[in-house]
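Each remark here refers to the structure printed beneath this line.
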Amino acid sequence: MTMTIDAKGVYYKELNHNLRNHLDKGVEEIIVQNVNGQRYIGDGVTGSQRLILEGTPGNDMAAFMDGLEIVVKGNGQDGTGNTMNQGRIIVHGHTGDTTGYGMRGGEIFVRDYVGYRVGIHMKEYMEKIPAIIIGGTAGDFLGEYMAGGIVLVLGLGLREGEDIVGDYCGTGMHGGVMYVRGQIPEFNLGKEVKIVEMTDKDKALVRGYVERYVAYFGGNVKSILSKPFSKLIPYNKRPYGNMYTAW
């Protein structure tokens, strides 16, 4: 069952209350038209249904979400997928700062660029391995304090002289892995990360995400994969351990 809701001029609390009521009643897909900055859409919702948001949702979309699929036909703002536990977000545009903050599971696919501190404090537990796939570029502090999960940056449409990631990439990183298409200048990296060779397992993992990216947004898998990727991992699991020990 699919239904349509017009969000034009609707206060965010009213809109979210309405969405929850319909999801609780078992509506499988809800198309929300004229979304314009309403916050907290999909927050804390459990289920396997689908929301299609036409427009630009506000901050903290899908925070603490546990299972929905949200498709954004527009851009996302700050805090998209904040502490998300499970589910999928597909953004046909870009997202702002702290996308995937503290993310614990699920996937976020962003067609274009993302802001600062994306993937900060990401973590994983047993079978839950969160992933953020970025089609464009990422701002400063990508993967800051990252404790687990996967970040993939494709840098599609990169202009001459433009950096694919900003400064301090991986600062404080102590778990997880980042894959960045192309070369990364050493001065862009935090001191806690290093670049290592891709394994066959890494290449297969990246291919799988690229194939899905192309299925969502278009593009050419072969062309994207024709450029080598840099693999970033942390030097150790406790980069600041000596700060909390006795003299």
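Going by the structure tokens order, chains are called A, B, ..., each with residues numbered from 1, while ligands are numbered from 1 in the order shown.
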- Query: If we count only C-alpha atoms, what is near Leu232 in chain A at a cut-off of 8 Å, once residues fewer than 2 positions away on the same chain are taken out, given as a list in words?
  - Reply: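 Once the nearby chain positions are removed, what remains is Val177, Met178, Tyr179, Val180, Val193, Lys194, Ile195, Val196, Ser230 and Pro234 of chain A.
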Write a file of the selected residues as a CSV table (one decimal), in the first residue's frame, keeping C-alpha atoms.
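Contents of result30.csv, freshly written:
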```csv
chain,number,residue,atom,x,y,z
A,177,VAL,CA,38.2,1.6,7.2
A,178,MET,CA,37.9,4.3,4.6
A,179,TYR,CA,38.3,3.9,0.9
A,180,VAL,CA,39.0,7.0,-1.1
A,193,VAL,CA,45.8,6.9,10.0
A,194,LYS,CA,47.9,5.4,7.4
A,195,ILE,CA,47.4,4.3,3.7
A,196,VAL,CA,47.8,0.6,3.0
A,230,SER,CA,43.4,4.5,-1.3
A,234,PRO,CA,44.1,3.5,12.0
```
- What lies within 12 Å of Ala63 in chain A using only C-alpha atoms, ignoring chain neighbours under 3 positions off, as a VMD selection string? chain A and resid 39 to 46 58 to 60 66 to 68 70 78 to 89 98 to 106
Take the residues just selected and output them with N, CA and C atoms as a compact mmCIF listing (two decimals), in the first residue's frame.
```txt
# COMPACT_ATOMS: atom_id res chain seq x y z
N ARG A 39 12.15 18.99 10.54
CA ARG A 39 13.18 18.22 11.24
C ARG A 39 12.68 16.86 11.70
N TYR A 40 13.65 15.99 12.03
CA TYR A 40 13.44 14.75 12.76
C TYR A 40 12.58 13.72 12.02
N ILE A 41 12.50 13.80 10.72
CA ILE A 41 11.70 12.83 9.97
C ILE A 41 12.32 11.44 10.08
N GLY A 42 11.52 10.47 10.48
CA GLY A 42 11.99 9.09 10.60
C GLY A 42 12.75 8.80 11.88
N ASP A 43 12.83 9.75 12.79
CA ASP A 43 13.64 9.55 14.00
C ASP A 43 13.05 8.46 14.90
N GLY A 44 13.92 7.52 15.28
CA GLY A 44 13.53 6.47 16.22
C GLY A 44 12.50 5.49 15.70
N VAL A 45 12.24 5.50 14.41
CA VAL A 45 11.20 4.62 13.84
C VAL A 45 11.79 3.25 13.53
N THR A 46 11.05 2.21 13.92
CA THR A 46 11.43 0.83 13.62
C THR A 46 10.49 0.26 12.57
N GLY A 58 14.79 18.59 7.13
CA GLY A 58 15.63 19.35 8.06
C GLY A 58 16.64 18.49 8.79
N ASN A 59 17.23 19.07 9.81
CA ASN A 59 18.31 18.42 10.56
C ASN A 59 17.85 17.12 11.23
N ASP A 60 18.84 16.26 11.45
CA ASP A 60 18.64 15.01 12.20
C ASP A 60 17.59 14.09 11.60
N ASP A 66 15.70 2.69 12.94
CA ASP A 66 16.00 1.27 13.06
C ASP A 66 15.24 0.47 12.01
N GLY A 67 15.61 0.67 10.72
CA GLY A 67 15.09 -0.23 9.71
C GLY A 67 14.40 0.36 8.50
N LEU A 68 13.93 1.57 8.54
CA LEU A 68 13.25 2.14 7.38
C LEU A 68 14.22 2.36 6.22
N ILE A 70 14.72 5.42 3.59
CA ILE A 70 14.31 6.78 3.28
C ILE A 70 15.02 7.23 2.01
N ASP A 78 22.09 18.91 8.12
CA ASP A 78 23.05 18.39 9.11
C ASP A 78 22.46 17.23 9.91
N GLY A 79 23.34 16.32 10.33
CA GLY A 79 22.94 15.24 11.21
C GLY A 79 22.12 14.14 10.57
N THR A 80 22.15 14.03 9.25
CA THR A 80 21.43 12.95 8.58
C THR A 80 21.96 11.60 9.09
N GLY A 81 21.05 10.74 9.57
CA GLY A 81 21.47 9.42 10.05
C GLY A 81 22.18 9.46 11.39
N ASN A 82 21.96 10.50 12.17
CA ASN A 82 22.58 10.64 13.49
C ASN A 82 22.27 9.43 14.38
N THR A 83 23.30 8.70 14.79
CA THR A 83 23.16 7.53 15.67
C THR A 83 22.16 6.52 15.11
N MET A 84 22.10 6.44 13.82
CA MET A 84 21.22 5.48 13.13
C MET A 84 21.63 4.06 13.49
N ASN A 85 20.64 3.21 13.74
CA ASN A 85 20.90 1.85 14.18
C ASN A 85 20.80 0.82 13.06
N GLN A 86 19.89 1.05 12.12
CA GLN A 86 19.71 0.13 11.00
C GLN A 86 18.82 0.83 9.97
N GLY A 87 18.86 0.34 8.73
CA GLY A 87 18.05 0.91 7.67
C GLY A 87 18.92 1.45 6.55
N ARG A 88 18.29 2.24 5.67
CA ARG A 88 19.00 2.76 4.50
C ARG A 88 18.50 4.16 4.17
N ILE A 89 19.44 5.05 3.85
CA ILE A 89 19.12 6.40 3.41
C ILE A 89 19.75 6.60 2.04
N THR A 98 28.16 16.39 9.81
CA THR A 98 27.92 15.28 10.75
C THR A 98 26.95 14.24 10.22
N THR A 99 26.92 14.03 8.93
CA THR A 99 26.16 12.91 8.37
C THR A 99 26.70 11.61 8.97
N GLY A 100 25.81 10.76 9.46
CA GLY A 100 26.24 9.49 10.04
C GLY A 100 26.91 9.61 11.39
N TYR A 101 26.67 10.69 12.11
CA TYR A 101 27.27 10.88 13.44
C TYR A 101 26.92 9.70 14.36
N GLY A 102 27.92 9.04 14.91
CA GLY A 102 27.69 7.94 15.84
C GLY A 102 26.91 6.78 15.24
N MET A 103 26.90 6.67 13.96
CA MET A 103 26.11 5.65 13.25
C MET A 103 26.52 4.25 13.71
N ARG A 104 25.52 3.41 14.00
CA ARG A 104 25.78 2.08 14.56
C ARG A 104 25.42 0.93 13.62
N GLY A 105 24.74 1.24 12.52
CA GLY A 105 24.34 0.22 11.56
C GLY A 105 23.63 0.86 10.40
N GLY A 106 23.36 0.08 9.36
CA GLY A 106 22.66 0.60 8.20
C GLY A 106 23.59 1.22 7.17
```
- Message: Measuring between only C-alpha atoms, which one of A:Gly143, A:Gly176, A:Gly190, A:Gly76 shows the shortest distance to Tyr125 in chain A?
- Response: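 Once distances to Tyr125 in chain A are computed over only C-alpha atoms, the minimum belongs to A:Gly176.
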- Just give me the gap between CA of Glu192 in chain A and CA of Phe141 in chain A in Å, one decimal is fine.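 These two atoms are separated by 12.1 Å.
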Spatial neighbours of Ser226 in chain A, 12 Å, only C-alpha atoms, chain gap at least 6 places, as a compact mmCIF listing (two decimals) with C-alpha atoms, in the first residue's frame:
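Saved result, out_13.txt, follows:
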```
# COMPACT_ATOMS: atom_id res chain seq x y z
CA LEU A 154 34.22 8.40 -4.95
CA ARG A 181 39.13 7.01 -4.94
CA GLY A 182 42.48 8.33 -6.08
CA LYS A 203 38.28 -4.49 -4.11
CA ARG A 207 32.85 -2.91 -6.31
CA VAL A 210 29.87 1.14 -6.46
CA ASN A 220 29.39 3.69 -15.15
```
- Atom-to-atom span, CA of Thr137 in chain A and CA of Gly155 in chain A, Å: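 Between CA of Thr137 in chain A and CA of Gly155 in chain A the gap is 5.1 Å.
Remark: for Thr171 in chain A, the closest of the candidate residues A:Lys201, A:His121, A:Tyr209, A:Ile150 is A:His121 (distances computed over only C-alpha atoms).
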- Might you pull out every residue within 8 Å of Glu28 in chain A, with only C-alpha atoms counted and same-chain residues fewer than 6 positions away left off, and present them as a list in words?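 Using only C-alpha atoms, the neighbours found are Met1, Thr2, Ser48, Gln49 and Arg50 of chain A.
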Written selection (C-alpha atoms) as a short mmCIF file (atom, residue, chain, number, x, y, z; two decimals), in the first residue's frame:
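Saved the output as part_31.cif:
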```cif
data_model
loop_
_atom_site.label_atom_id
_atom_site.label_comp_id
_atom_site.auth_asym_id
_atom_site.auth_seq_id
_atom_site.Cartn_x
_atom_site.Cartn_y
_atom_site.Cartn_z
CA MET A 1 0.00 0.00 0.00
CA THR A 2 1.30 3.44 -1.00
CA SER A 48 10.90 -2.10 7.02
CA GLN A 49 8.73 0.46 5.23
CA ARG A 50 9.78 3.19 2.82
#
```
- Task: Please run DSSP on the backbone and report, as a list in words, all residues within range 69-200 of chain A that come out as helix (DSSP H, G or I).
- Result: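 The helix (DSSP H, G or I) residues within range 69-200 of chain A come out as Glu186, Phe187, Asn188 and Asp200 of chain A.
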Could you write out that same residue set with N, CA and C atoms as a PDB file, in the first residue's frame?
```
ATOM      1  N   GLU A 186      49.361  13.630   1.853  1.00  0.00           N
ATOM      2  CA  GLU A 186      49.631  13.277   3.247  1.00  0.00           C
ATOM      3  C   GLU A 186      49.189  14.377   4.214  1.00  0.00           C
ATOM      4  N   PHE A 187      49.272  15.644   3.783  1.00  0.00           N
ATOM      5  CA  PHE A 187      48.929  16.734   4.697  1.00  0.00           C
ATOM      6  C   PHE A 187      47.435  16.794   4.993  1.00  0.00           C
ATOM      7  N   ASN A 188      46.610  16.071   4.211  1.00  0.00           N
ATOM      8  CA  ASN A 188      45.170  16.017   4.472  1.00  0.00           C
ATOM      9  C   ASN A 188      44.819  15.004   5.569  1.00  0.00           C
ATOM     10  N   ASP A 200      42.220  -8.118  -2.352  1.00  0.00           N
ATOM     11  CA  ASP A 200      41.143  -8.567  -3.243  1.00  0.00           C
ATOM     12  C   ASP A 200      39.785  -8.451  -2.553  1.00  0.00           C
TER      13      ASP A 200
END
```
- Task: Could you tell me which of A:Ala204, A:Gly26, A:Tyr213, A:Asp140 comes closest to Asp112 in chain A if we count only C-alpha atoms?
- Result: A:Tyr213
- Query: Which residues come within 7 Å of Pro57 in chain A, counting only C-alpha atoms, excluding same-chain residues fewer than 6 positions away, as a list of chain:residue names?
  - Reply: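 Using only C-alpha atoms, the neighbours found are A:Val35, A:Asn36, A:Gly37, A:Gln38, A:Arg39, A:Gly76, A:Gln77.
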Based on the selection just made, write C-alpha atoms of those residues as a tab-separated table (two decimals), in the first residue's frame.
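Written out: part_2.tsv:
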```
chain	number	residue	atom	x	y	z
A	35	VAL	CA	9.19	18.78	2.25
A	36	ASN	CA	10.85	22.02	3.29
A	37	GLY	CA	13.09	21.85	6.32
A	38	GLN	CA	10.89	19.78	8.65
A	39	ARG	CA	13.18	18.22	11.24
A	76	GLY	CA	19.79	16.46	3.29
A	77	GLN	CA	20.84	18.87	6.03
```
- Message: I'd like the interatomic distance between CA of Arg212 in chain A and CA of Lys227 in chain A, to a tenth of an Å.
- Response: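 Result for CA of Arg212 in chain A versus CA of Lys227 in chain A: 17.6 Å, one decimal.
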- Write out as a ChimeraX atom specification which residues come within 12 Å of Gly172 in chain A when counting only C-alpha atoms, dropping same-chain ones fewer than 2 positions away. /A:117,120-122,141-147,168-170,174-176,189-194,233-241
For those residues, write N, CA and C atoms to a file as an mmCIF file, in the first residue's frame.
```cif
data_model
loop_
_atom_site.group_PDB
_atom_site.id
_atom_site.type_symbol
_atom_site.label_atom_id
_atom_site.label_comp_id
_atom_site.auth_asym_id
_atom_site.auth_seq_id
_atom_site.Cartn_x
_atom_site.Cartn_y
_atom_site.Cartn_z
ATOM 1 N N ARG A 117 32.937 16.652 9.265
ATOM 2 C CA ARG A 117 32.806 15.675 10.343
ATOM 3 C C ARG A 117 31.792 14.570 10.017
ATOM 4 N N ILE A 120 31.769 10.813 11.979
ATOM 5 C CA ILE A 120 32.394 10.977 13.282
ATOM 6 C C ILE A 120 31.795 9.985 14.286
ATOM 7 N N HIS A 121 32.650 9.317 15.023
ATOM 8 C CA HIS A 121 32.258 8.358 16.061
ATOM 9 C C HIS A 121 31.459 7.171 15.517
ATOM 10 N N MET A 122 31.568 6.863 14.236
ATOM 11 C CA MET A 122 30.917 5.642 13.732
ATOM 12 C C MET A 122 31.455 4.435 14.486
ATOM 13 N N PHE A 141 37.745 16.713 8.614
ATOM 14 C CA PHE A 141 37.510 15.787 9.728
ATOM 15 C C PHE A 141 36.628 14.591 9.339
ATOM 16 N N LEU A 142 36.724 14.134 8.116
ATOM 17 C CA LEU A 142 36.020 12.913 7.714
ATOM 18 C C LEU A 142 36.491 11.750 8.582
ATOM 19 N N GLY A 143 35.548 10.987 9.137
ATOM 20 C CA GLY A 143 35.906 9.808 9.929
ATOM 21 C C GLY A 143 36.581 10.131 11.249
ATOM 22 N N GLU A 144 36.345 11.322 11.779
ATOM 23 C CA GLU A 144 36.971 11.712 13.038
ATOM 24 C C GLU A 144 36.534 10.783 14.174
ATOM 25 N N TYR A 145 37.483 10.278 14.941
ATOM 26 C CA TYR A 145 37.230 9.355 16.055
ATOM 27 C C TYR A 145 36.448 8.111 15.619
ATOM 28 N N MET A 146 36.564 7.744 14.389
ATOM 29 C CA MET A 146 35.831 6.592 13.851
ATOM 30 C C MET A 146 36.288 5.317 14.549
ATOM 31 N N ALA A 147 35.319 4.534 15.037
ATOM 32 C CA ALA A 147 35.636 3.314 15.780
ATOM 33 C C ALA A 147 35.254 2.055 15.013
ATOM 34 N N TYR A 168 42.567 16.950 8.006
ATOM 35 C CA TYR A 168 42.411 16.147 9.225
ATOM 36 C C TYR A 168 41.563 14.895 9.011
ATOM 37 N N CYS A 169 41.633 14.339 7.828
ATOM 38 C CA CYS A 169 40.881 13.115 7.529
ATOM 39 C C CYS A 169 41.350 11.988 8.446
ATOM 40 N N GLY A 170 40.405 11.369 9.170
ATOM 41 C CA GLY A 170 40.735 10.252 10.039
ATOM 42 C C GLY A 170 41.353 10.639 11.371
ATOM 43 N N HIS A 174 40.233 5.041 15.258
ATOM 44 C CA HIS A 174 40.794 3.876 15.931
ATOM 45 C C HIS A 174 40.057 2.580 15.586
ATOM 46 N N GLY A 175 39.274 2.607 14.511
ATOM 47 C CA GLY A 175 38.597 1.405 14.029
ATOM 48 C C GLY A 175 37.951 1.696 12.688
ATOM 49 N N GLY A 176 37.509 0.638 12.011
ATOM 50 C CA GLY A 176 36.866 0.811 10.716
ATOM 51 C C GLY A 176 37.862 1.021 9.592
ATOM 52 N N LEU A 189 45.753 14.138 5.916
ATOM 53 C CA LEU A 189 45.455 13.035 6.822
ATOM 54 C C LEU A 189 45.738 13.381 8.276
ATOM 55 N N GLY A 190 44.897 12.852 9.163
ATOM 56 C CA GLY A 190 45.200 12.918 10.578
ATOM 57 C C GLY A 190 46.373 12.010 10.886
ATOM 58 N N LYS A 191 47.067 12.286 11.968
ATOM 59 C CA LYS A 191 48.271 11.519 12.285
ATOM 60 C C LYS A 191 47.962 10.106 12.755
ATOM 61 N N GLU A 192 46.695 9.793 13.009
ATOM 62 C CA GLU A 192 46.317 8.462 13.507
ATOM 63 C C GLU A 192 46.045 7.449 12.404
ATOM 64 N N VAL A 193 46.100 7.853 11.121
ATOM 65 C CA VAL A 193 45.773 6.934 10.035
ATOM 66 C C VAL A 193 46.959 6.730 9.103
ATOM 67 N N LYS A 194 46.905 5.644 8.367
ATOM 68 C CA LYS A 194 47.916 5.353 7.355
ATOM 69 C C LYS A 194 47.237 4.752 6.132
ATOM 70 N N ILE A 233 43.449 3.092 7.187
ATOM 71 C CA ILE A 233 43.165 2.380 8.424
ATOM 72 C C ILE A 233 43.883 3.080 9.576
ATOM 73 N N PRO A 234 43.442 2.857 10.820
ATOM 74 C CA PRO A 234 44.120 3.484 11.956
ATOM 75 C C PRO A 234 45.420 2.778 12.294
ATOM 76 N N TYR A 235 46.360 3.543 12.854
ATOM 77 C CA TYR A 235 47.625 2.970 13.309
ATOM 78 C C TYR A 235 47.422 2.028 14.490
ATOM 79 N N ASN A 236 46.532 2.406 15.416
ATOM 80 C CA ASN A 236 46.304 1.554 16.571
ATOM 81 C C ASN A 236 44.885 1.757 17.069
ATOM 82 N N LYS A 237 44.477 0.926 18.009
ATOM 83 C CA LYS A 237 43.103 0.923 18.511
ATOM 84 C C LYS A 237 42.876 1.938 19.631
ATOM 85 N N ARG A 238 43.961 2.447 20.239
ATOM 86 C CA ARG A 238 43.807 3.392 21.349
ATOM 87 C C ARG A 238 44.787 4.555 21.153
ATOM 88 N N PRO A 239 44.508 5.441 20.189
ATOM 89 C CA PRO A 239 45.472 6.502 19.884
ATOM 90 C C PRO A 239 45.694 7.484 21.012
ATOM 91 N N TYR A 240 44.740 7.594 21.937
ATOM 92 C CA TYR A 240 44.873 8.543 23.036
ATOM 93 C C TYR A 240 44.963 7.836 24.391
ATOM 94 N N GLY A 241 45.338 6.574 24.368
ATOM 95 C CA GLY A 241 45.408 5.806 25.598
ATOM 96 C C GLY A 241 46.355 6.400 26.622
#
```
- Message: Just checking: using only C-alpha atoms, which residue out of A:His17, A:Ala7, A:Phe229, A:Tyr116 ends up closest to Asp167 in chain A?
- Response: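 Closest to Asp167 in chain A of all the choices is A:Tyr116.
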- Check the DSSP output for the backbone and give back, as a ChimeraX atom specification, the residues of range 24-200 of chain A in strand (DSSP E or B). /A:29-36,46,50-56,66-73,86-91,107-110,125,128,131-134,138,147-153,165,169,175-181,189,193-196
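Shortest atom-to-atom contact with Asp97 in chain A among A:Ala138, A:Leu156, A:Val214, A:Val72: A:Ala138, counting only C-alpha atoms.
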